[in-house]
Amino acid sequence: MTLMAERPVINDAEPRSSFEELLDLLDELNVPDGYKAEIIRGSIVVSPWSKAYYADVMDMICDQLRPHLPEEHRISWGPLLYVFPGIERAYGPDIHAAHRRARRSTSNRLDGEALSFVAELTSPATRDEDRTDKLEVYSRVGVPVYLLLDMQEEEATVYWEPSSKGYQGRLTTSFGEKLYIPDPIGCTLDTTGFQAPTSP
């Protein structure tokens with residue numbers, strides 16, 4: 001097992017655990033306040049929650065998309081763990097939308113295939129995974145829309161039409177512009193105000 005933090009260190013000499021064992025370890029892991037834990041490429045990854053203004057951006061996204069969600073779907077942000085057993089991944093997306101029945105459980109492991117929309121806001125610790133591993137996995141399991149907010153480059157990219165070979169549709173815009181979010185949401189997202197504030 002490998003634990004990764006703000007500056008990831010991977011020790012390939014350590015034995016890899018089975019996916020179920022990693023999930024059990026994740027259940028027992030005492031993650032410090034302000035951190036989240038995921039399973040990425042056979043490792044438990046612990047990364048800090050993002051800067052304060054990320055919460056405002058996530059609220060703006062949820063507020064704009066909520067009226068356009070499919071019936072009975074809910075959108076929120078925060079630490080919920082979606083599991084993809086066939087690909088041996090478990091992610092806690094920054095923003096996630098799924099049918100409400102996926103959340104009607106006492107388990108802390110939600111069905112990743114129930115997702116109708118995910119968004120990730122990059123940080124220095126997670127940027128590479130958001131742009132590679134998560135992009136591939138979300139497409140392979142059929143998440144209809146993946147929104148990637150590159151907070152370092154101040155760009156928003158929406159991916160749609162998932163397939164086993166990756167998303168077939170992609171559109172990128174700079175923060176401050178409007179971006180169309182395809183079905184099953186089907187609305188325009190205003191990215192004004194997604195930039196980092198100029199004051200601390």
# chains A, B, ... in the order shown; residues from 1 in each chain; ligands from 1
>>> residues_around(residues="A:Leu171", least_positions_apart="5", cutoff="9 Å", atoms="only C-alpha atoms", output="PyMOL selection string")
chain A and resi 156-159+179-180
>>> residues_around(residues="A:Asp183", least_positions_apart="6", cutoff="12 Å", atoms="only C-alpha atoms", output="list in words")
Leu65, His68, Leu69, Pro70, Ser116, Phe117, Val143, Pro144, Val145, Tyr146, Val158, Tyr159, Trp160, Glu161, Pro162 and Gly169 of chain A
>>> write_last_selection(atoms="C-alpha atoms", output="PDB file, in the first residue's frame")
ATOM      1  CA  LEU A  65     -26.759  22.705 -12.874  1.00  0.00           C
ATOM      2  CA  HIS A  68     -31.343  20.929 -15.251  1.00  0.00           C
ATOM      3  CA  LEU A  69     -30.630  17.507 -13.734  1.00  0.00           C
ATOM      4  CA  PRO A  70     -32.601  14.455 -14.844  1.00  0.00           C
ATOM      5  CA  SER A 116     -24.631  11.005 -14.279  1.00  0.00           C
ATOM      6  CA  PHE A 117     -22.104  13.853 -13.917  1.00  0.00           C
ATOM      7  CA  VAL A 143     -20.254   8.607 -16.793  1.00  0.00           C
ATOM      8  CA  PRO A 144     -22.146  10.748 -19.360  1.00  0.00           C
ATOM      9  CA  VAL A 145     -20.416  14.068 -18.609  1.00  0.00           C
ATOM     10  CA  TYR A 146     -17.062  14.865 -16.985  1.00  0.00           C
ATOM     11  CA  VAL A 158     -16.221  19.330 -20.635  1.00  0.00           C
ATOM     12  CA  TYR A 159     -16.086  15.739 -21.910  1.00  0.00           C
ATOM     13  CA  TRP A 160     -19.102  13.767 -23.157  1.00  0.00           C
ATOM     14  CA  GLU A 161     -20.049  10.653 -25.172  1.00  0.00           C
ATOM     15  CA  PRO A 162     -18.098   8.133 -23.066  1.00  0.00           C
ATOM     16  CA  GLY A 169     -16.620  14.887 -27.308  1.00  0.00           C
TER      17      GLY A 169
END
>>> residues_around(residues="A:Asp133", least_positions_apart="2", cutoff="12 Å", atoms="only C-alpha atoms", output="ChimeraX atom specification")
/A:39-42,87-91,126-131,135-140,166
>>> write_last_selection(atoms="C-alpha atoms", output="mmCIF file, in the first residue's frame")
data_model
loop_
_atom_site.group_PDB
_atom_site.id
_atom_site.type_symbol
_atom_site.label_atom_id
_atom_site.label_comp_id
_atom_site.auth_asym_id
_atom_site.auth_seq_id
_atom_site.Cartn_x
_atom_site.Cartn_y
_atom_site.Cartn_z
ATOM 1 C CA ILE A 39 -7.916 4.530 -4.442
ATOM 2 C CA ILE A 40 -6.004 5.328 -7.623
ATOM 3 C CA ARG A 41 -3.910 2.811 -9.587
ATOM 4 C CA GLY A 42 -3.703 0.326 -6.720
ATOM 5 C CA ILE A 87 -11.437 -1.133 -12.676
ATOM 6 C CA GLU A 88 -10.291 -1.249 -9.037
ATOM 7 C CA ARG A 89 -10.718 2.446 -8.367
ATOM 8 C CA ALA A 90 -12.572 4.409 -5.686
ATOM 9 C CA TYR A 91 -12.891 8.163 -6.169
ATOM 10 C CA THR A 126 -4.237 15.792 -7.922
ATOM 11 C CA ARG A 127 -3.928 17.537 -11.291
ATOM 12 C CA ASP A 128 -2.223 14.690 -13.145
ATOM 13 C CA GLU A 129 -4.708 12.079 -11.877
ATOM 14 C CA ASP A 130 -7.704 14.292 -12.738
ATOM 15 C CA ARG A 131 -6.419 14.723 -16.299
ATOM 16 C CA LEU A 135 -10.627 10.914 -17.272
ATOM 17 C CA GLU A 136 -10.063 7.369 -18.534
ATOM 18 C CA VAL A 137 -12.033 5.638 -15.773
ATOM 19 C CA TYR A 138 -15.046 7.961 -15.927
ATOM 20 C CA SER A 139 -15.279 7.320 -19.660
ATOM 21 C CA ARG A 140 -14.827 3.537 -19.388
ATOM 22 C CA GLY A 166 -12.231 7.624 -24.064
#
>>> residues_around(residues="A:Thr191", least_positions_apart="6", cutoff="10 Å", atoms="only C-alpha atoms", output="PyMOL selection string")
chain A and resi 57+60-61+149+154-156+173-179
>>> select_by_dssp(residues="chain A", states="alpha helix (DSSP H)", output="VMD selection string")
chain A and resid 19 to 28 52 to 65 127 to 131 133 to 140
>>> select_by_dssp(residues="stretch 41-144 of chain A", states="strand (DSSP E)", output="MDAnalysis selection string")
chainID A and resid 43:48 73:77 81:84 89:91 95:99 109:111 115:121
>>> write_last_selection(atoms="N, CA and C atoms", output="CSV table (one decimal), in the first residue's frame")
chain,number,residue,atom,x,y,z
A,43,SER,N,-3.2,2.2,-5.3
A,43,SER,CA,-2.7,2.9,-4.1
A,43,SER,C,-3.8,3.7,-3.4
A,44,ILE,N,-3.7,3.8,-2.1
A,44,ILE,CA,-4.5,4.8,-1.4
A,44,ILE,C,-3.8,6.1,-1.5
A,45,VAL,N,-4.6,7.1,-1.9
A,45,VAL,CA,-4.0,8.5,-2.1
A,45,VAL,C,-4.8,9.4,-1.2
A,46,VAL,N,-4.0,10.1,-0.3
A,46,VAL,CA,-4.6,11.0,0.6
A,46,VAL,C,-4.1,12.4,0.1
A,47,SER,N,-5.1,13.3,-0.1
A,47,SER,CA,-4.8,14.6,-0.6
A,47,SER,C,-5.6,15.6,0.2
A,48,PRO,N,-5.0,16.8,0.3
A,48,PRO,CA,-5.7,17.9,1.1
A,48,PRO,C,-6.8,18.4,0.3
A,73,HIS,N,-32.4,13.0,-9.8
A,73,HIS,CA,-31.0,13.1,-9.7
A,73,HIS,C,-30.7,14.2,-8.7
A,74,ARG,N,-29.6,14.0,-8.0
A,74,ARG,CA,-29.1,15.0,-7.0
A,74,ARG,C,-27.7,15.3,-7.3
A,75,ILE,N,-27.3,16.6,-7.0
A,75,ILE,CA,-25.9,17.1,-7.2
A,75,ILE,C,-25.5,17.7,-5.9
A,76,SER,N,-24.2,17.4,-5.6
A,76,SER,CA,-23.6,18.0,-4.4
A,76,SER,C,-22.1,17.9,-4.5
A,77,TRP,N,-21.4,18.5,-3.5
A,77,TRP,CA,-20.0,18.3,-3.5
A,77,TRP,C,-19.6,17.9,-2.0
A,81,LEU,N,-17.6,8.6,-1.4
A,81,LEU,CA,-16.7,7.7,-2.1
A,81,LEU,C,-17.5,6.8,-3.1
A,82,TYR,N,-17.2,7.0,-4.4
A,82,TYR,CA,-17.8,6.2,-5.5
A,82,TYR,C,-16.8,5.1,-5.9
A,83,VAL,N,-17.3,3.8,-5.9
A,83,VAL,CA,-16.4,2.7,-6.2
A,83,VAL,C,-16.7,2.1,-7.5
A,84,PHE,N,-15.6,1.7,-8.2
A,84,PHE,CA,-15.6,1.1,-9.5
A,84,PHE,C,-14.8,-0.2,-9.4
A,89,ARG,N,-10.9,1.1,-8.7
A,89,ARG,CA,-10.7,2.4,-8.4
A,89,ARG,C,-11.8,2.8,-7.4
A,90,ALA,N,-11.6,3.8,-6.6
A,90,ALA,CA,-12.6,4.4,-5.7
A,90,ALA,C,-12.2,5.9,-5.6
A,91,TYR,N,-13.1,6.7,-6.1
A,91,TYR,CA,-12.9,8.2,-6.2
A,91,TYR,C,-13.9,8.9,-5.3
A,95,ILE,N,-17.4,17.2,-7.3
A,95,ILE,CA,-18.8,17.4,-7.5
A,95,ILE,C,-19.3,16.2,-8.2
A,96,HIS,N,-20.5,15.7,-7.7
A,96,HIS,CA,-21.0,14.5,-8.2
A,96,HIS,C,-22.6,14.6,-8.3
A,97,ALA,N,-23.1,14.0,-9.4
A,97,ALA,CA,-24.6,13.9,-9.5
A,97,ALA,C,-24.9,12.5,-9.8
A,98,ALA,N,-26.0,12.0,-9.2
A,98,ALA,CA,-26.4,10.6,-9.4
A,98,ALA,C,-27.9,10.5,-9.0
A,99,HIS,N,-28.5,9.4,-9.4
A,99,HIS,CA,-29.9,9.2,-9.0
A,99,HIS,C,-29.9,9.1,-7.5
A,109,ARG,N,-19.7,3.3,0.6
A,109,ARG,CA,-19.3,3.0,-0.8
A,109,ARG,C,-20.4,3.1,-1.7
A,110,LEU,N,-20.4,4.1,-2.6
A,110,LEU,CA,-21.5,4.3,-3.5
A,110,LEU,C,-21.1,3.7,-4.9
A,111,ASP,N,-22.2,3.3,-5.6
A,111,ASP,CA,-22.0,2.7,-6.9
A,111,ASP,C,-21.5,3.8,-8.0
A,115,LEU,N,-23.4,7.3,-11.4
A,115,LEU,CA,-23.0,8.8,-11.7
A,115,LEU,C,-23.6,9.2,-13.0
A,116,SER,N,-24.2,10.4,-13.0
A,116,SER,CA,-24.6,11.0,-14.3
A,116,SER,C,-23.8,12.2,-14.6
A,117,PHE,N,-23.0,12.7,-13.7
A,117,PHE,CA,-22.1,13.9,-13.9
A,117,PHE,C,-21.1,13.9,-12.8
A,118,VAL,N,-19.8,14.2,-13.2
A,118,VAL,CA,-18.8,14.5,-12.2
A,118,VAL,C,-18.0,15.7,-12.6
A,119,ALA,N,-17.4,16.4,-11.6
A,119,ALA,CA,-16.5,17.5,-11.9
A,119,ALA,C,-15.4,17.4,-10.9
A,120,GLU,N,-14.2,17.6,-11.4
A,120,GLU,CA,-13.0,17.6,-10.6
A,120,GLU,C,-12.3,19.0,-10.8
A,121,LEU,N,-11.9,19.6,-9.7
A,121,LEU,CA,-11.2,20.8,-9.6
A,121,LEU,C,-9.7,20.5,-9.3
>>> atom_distance(atom1="atom CA of A:Arg66", atom2="atom CA of A:Asp94")
15.3 Å
>>> atom_distance(atom1="atom CA of A:Ile185", atom2="atom CA of A:Glu153")
25.2 Å
>>> atom_distance(atom1="atom CA of A:Leu80", atom2="atom CA of A:Ala55")
15.3 Å
